[in-house]
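These notes concern the structure reproduced below.
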Amino acid sequence: MAVILVVATIVAVVTGGRWSAFAHQGLLAPGYVVVAVAAQVAGAVLADHTSAGWAYPAGLAVSAASALVFCFANRRVAGVPLVALGLVLNAAVVARNSAMPVSIAAASRAGVSTLTIATGNDPRHTIAGRGSHWRALGDVIPVPLPAEPEVVSAGDVLVAAGLGEFLVITSRRRRDDDLADQIALEWGQPLQALSTMSRRA
């Protein structure tokens, strides 16, 4: 996910994107983002420090529901539909398995240890096996980054792609609008003069 966001940031900067454009985006229902983050953090903390195995999937379900409300309210914003689809996929596979299934083969290729998961000390993840449901939607994509290797899911990729699309398009939109206004201003007077001359003729 980090790779996609870094690439999107570079593209936005190289193509003349402006960070000030985000201030003019006007996203709706931002409070649901706060609820989504709080629910996921609370579920993760409870799962890590108590025996409540239901906490993480429950927190993720509340988080996904809140995020989807936010996404629906902003469905016309670039990148939001991809983020929504990714959240649905992740929430579905976690709800079906009570944790996110992780492929041992993918983890090995990425250079990620699965010892904590295998010993049952990571309630948010589980080793993918024959009893896992919808394994293809689990953490099966190796990302062997030198600094921080990871294994991600298809939902993670969609979320990152959506955020990248939002970053690039939104940062450029203000610049494109300003360019359109400038062209209209520069050509508006000559065109108006030609229109006046044609009417007199």
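Each chain of the structure tokens is named A, B, ... in the order shown, its residues numbered from 1; ligands are numbered from 1 in display order.
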Residues of region 99-121 of chain A within 6 Å of region 141-160 of chain A: nearest atom pair and distance (Å, one decimal) for each, counting only C-alpha atoms, sorted by chain and number, as JSON lines?
{"residue": "A:Ala106", "atom": "CA", "partner": "A:Pro142", "partner_atom": "CA", "distance": 5.0}
{"residue": "A:Ala107", "atom": "CA", "partner": "A:Val151", "partner_atom": "CA", "distance": 5.9}
{"residue": "A:Ala110", "atom": "CA", "partner": "A:Pro144", "partner_atom": "CA", "distance": 4.2}
Check: If you run DSSP on this backbone, which residues of region 39-142 of chain A come out as strand (DSSP E or B), and could you give them as a PyMOL selection string?
Finding: chain A and resi 100-102+125-127+139+141-142
Check: Could you name the residues that touch region 23-33 of chain A at 10 Å or less, counting only C-alpha atoms, but leaving out those on the same chain fewer than 5 positions away, as an MDAnalysis selection string?
Finding: chainID A and resid 38:39 63:75 77 170:171 173:174
Check: Excluding same-chain residues fewer than 2 positions from Val3 (chain A), what lies within 10 Å of it counting only C-alpha atoms, as number ranges by chain?
Finding: A: 1, 5-9, 143, 145, 160, 164
Limited to N, CA and C atoms, could you put the picked residues into a file as a PDB file, in the first residue's frame?
ATOM      1  N   MET A   1       0.821  -1.200   0.000  1.00  0.00           N
ATOM      2  CA  MET A   1       0.000   0.000   0.000  1.00  0.00           C
ATOM      3  C   MET A   1       0.856   1.251   0.000  1.00  0.00           C
ATOM      4  N   LEU A   5       0.929   4.633  -2.683  1.00  0.00           N
ATOM      5  CA  LEU A   5       0.749   6.003  -2.224  1.00  0.00           C
ATOM      6  C   LEU A   5       1.969   6.872  -2.528  1.00  0.00           C
ATOM      7  N   VAL A   6       3.157   6.284  -2.399  1.00  0.00           N
ATOM      8  CA  VAL A   6       4.380   7.033  -2.730  1.00  0.00           C
ATOM      9  C   VAL A   6       4.418   7.360  -4.213  1.00  0.00           C
ATOM     10  N   VAL A   7       4.097   6.372  -5.051  1.00  0.00           N
ATOM     11  CA  VAL A   7       4.065   6.601  -6.499  1.00  0.00           C
ATOM     12  C   VAL A   7       3.025   7.657  -6.853  1.00  0.00           C
ATOM     13  N   ALA A   8       1.848   7.581  -6.230  1.00  0.00           N
ATOM     14  CA  ALA A   8       0.788   8.558  -6.492  1.00  0.00           C
ATOM     15  C   ALA A   8       1.234   9.959  -6.103  1.00  0.00           C
ATOM     16  N   THR A   9       1.938  10.074  -4.980  1.00  0.00           N
ATOM     17  CA  THR A   9       2.445  11.378  -4.545  1.00  0.00           C
ATOM     18  C   THR A   9       3.440  11.940  -5.547  1.00  0.00           C
ATOM     19  N   VAL A 143       4.594  -8.483  -0.674  1.00  0.00           N
ATOM     20  CA  VAL A 143       5.198  -7.190  -1.019  1.00  0.00           C
ATOM     21  C   VAL A 143       6.561  -7.143  -0.331  1.00  0.00           C
ATOM     22  N   LEU A 145       9.208  -5.464   0.339  1.00  0.00           N
ATOM     23  CA  LEU A 145       9.925  -4.195   0.437  1.00  0.00           C
ATOM     24  C   LEU A 145      11.164  -4.370   1.313  1.00  0.00           C
ATOM     25  N   ALA A 160      -5.620   1.113  -1.432  1.00  0.00           N
ATOM     26  CA  ALA A 160      -4.444   1.918  -1.763  1.00  0.00           C
ATOM     27  C   ALA A 160      -4.595   2.560  -3.134  1.00  0.00           C
ATOM     28  N   GLY A 164      -4.690   6.467  -3.933  1.00  0.00           N
ATOM     29  CA  GLY A 164      -3.764   7.031  -4.919  1.00  0.00           C
ATOM     30  C   GLY A 164      -4.493   7.832  -5.982  1.00  0.00           C
TER      31      GLY A 164
END
Excluding same-chain residues fewer than 3 positions from Val93 (chain A), what lies within 9 Å of it counting only C-alpha atoms, as an mmCIF file with N, CA and C atoms, in the first residue's frame?
data_model
loop_
_atom_site.group_PDB
_atom_site.id
_atom_site.type_symbol
_atom_site.label_atom_id
_atom_site.label_comp_id
_atom_site.auth_asym_id
_atom_site.auth_seq_id
_atom_site.Cartn_x
_atom_site.Cartn_y
_atom_site.Cartn_z
ATOM 1 N N VAL A 88 -15.079 -3.411 1.663
ATOM 2 C CA VAL A 88 -16.089 -4.475 1.686
ATOM 3 C C VAL A 88 -15.423 -5.850 1.608
ATOM 4 N N LEU A 89 -14.454 -5.996 0.716
ATOM 5 C CA LEU A 89 -13.765 -7.283 0.559
ATOM 6 C C LEU A 89 -13.031 -7.674 1.842
ATOM 7 N N ASN A 90 -12.319 -6.727 2.444
ATOM 8 C CA ASN A 90 -11.585 -7.027 3.675
ATOM 9 C C ASN A 90 -12.537 -7.383 4.815
ATOM 10 N N ARG A 96 -16.014 -13.664 7.795
ATOM 11 C CA ARG A 96 -16.230 -15.087 7.480
ATOM 12 C C ARG A 96 -15.269 -15.987 8.245
ATOM 13 N N ASN A 97 -14.065 -15.469 8.546
ATOM 14 C CA ASN A 97 -13.042 -16.295 9.197
ATOM 15 C C ASN A 97 -12.725 -15.863 10.628
ATOM 16 N N SER A 98 -13.346 -14.791 11.092
ATOM 17 C CA SER A 98 -13.081 -14.207 12.416
ATOM 18 C C SER A 98 -11.685 -13.606 12.518
ATOM 19 N N ALA A 99 -10.938 -13.601 11.440
ATOM 20 C CA ALA A 99 -9.608 -13.000 11.372
ATOM 21 C C ALA A 99 -9.187 -12.994 9.898
ATOM 22 N N MET A 100 -8.125 -12.278 9.584
ATOM 23 C CA MET A 100 -7.646 -12.232 8.211
ATOM 24 C C MET A 100 -6.717 -13.414 7.918
ATOM 25 N N PRO A 101 -7.089 -14.292 6.982
ATOM 26 C CA PRO A 101 -6.216 -15.427 6.636
ATOM 27 C C PRO A 101 -4.932 -14.946 5.949
ATOM 28 N N HIS A 133 -12.040 -19.736 4.570
ATOM 29 C CA HIS A 133 -13.038 -19.367 3.573
ATOM 30 C C HIS A 133 -12.530 -18.164 2.771
ATOM 31 N N TRP A 134 -12.820 -18.202 1.482
ATOM 32 C CA TRP A 134 -12.459 -17.084 0.592
ATOM 33 C C TRP A 134 -10.973 -16.724 0.721
ATOM 34 N N ARG A 135 -10.141 -17.756 0.630
ATOM 35 C CA ARG A 135 -8.700 -17.554 0.817
ATOM 36 C C ARG A 135 -8.110 -16.557 -0.161
ATOM 37 N N LEU A 137 -9.191 -13.836 -1.033
ATOM 38 C CA LEU A 137 -9.395 -12.458 -0.570
ATOM 39 C C LEU A 137 -8.560 -12.136 0.669
ATOM 40 N N GLY A 138 -7.834 -13.133 1.172
ATOM 41 C CA GLY A 138 -6.996 -12.914 2.348
ATOM 42 C C GLY A 138 -5.673 -12.263 1.986
#
Next item on the list: Using only C-alpha atoms, determine which residues lie at most 9 Å from region 122-126 of chain A, disregarding the query and same-chain residues fewer than 3 positions distant; provide the list as a list of chain:residue names.
Entry: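 Close residues of region 122-126 of chain A: A:Ala44, A:Ala47, A:Asp48, A:Gly53, A:Tyr56, A:Pro57, A:Val94, A:Asn97, A:Ser98, A:Ala99, A:Met100, A:Pro101, A:Val102, A:Ser103, A:Thr116, A:Ile117, A:Ala118, A:Thr119, A:Gly129, A:Ser132.
When only C-alpha atoms are used to compute distances to Ala95 (chain A), the closest of the residues A:Ala58, A:Val41, A:Gly162, A:Leu115 turns out to be A:Ala58.
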Note to self: Given only C-alpha atoms as the basis, pick out the residue of A:Ile10, A:Ala136, A:Val83, A:Ala128 nearest to Ala105 (chain A).
What the structure shows: A:Ala128
Notebook entry, point to check: How would you write, as a VMD selection string, the set of residues in region 69-182 of chain A that DSSP gives as alpha helix (DSSP H)?
Noted result: chain A and resid 69 to 73 80 to 97 104 to 110 115 to 118 154 to 182
Checklist line | Closest of A:Val112, A:Ala42, A:Ala21, A:Leu163 to Pro81 (chain A) - atom-to-atom distances counting only C-alpha atoms | finding: A:Leu163
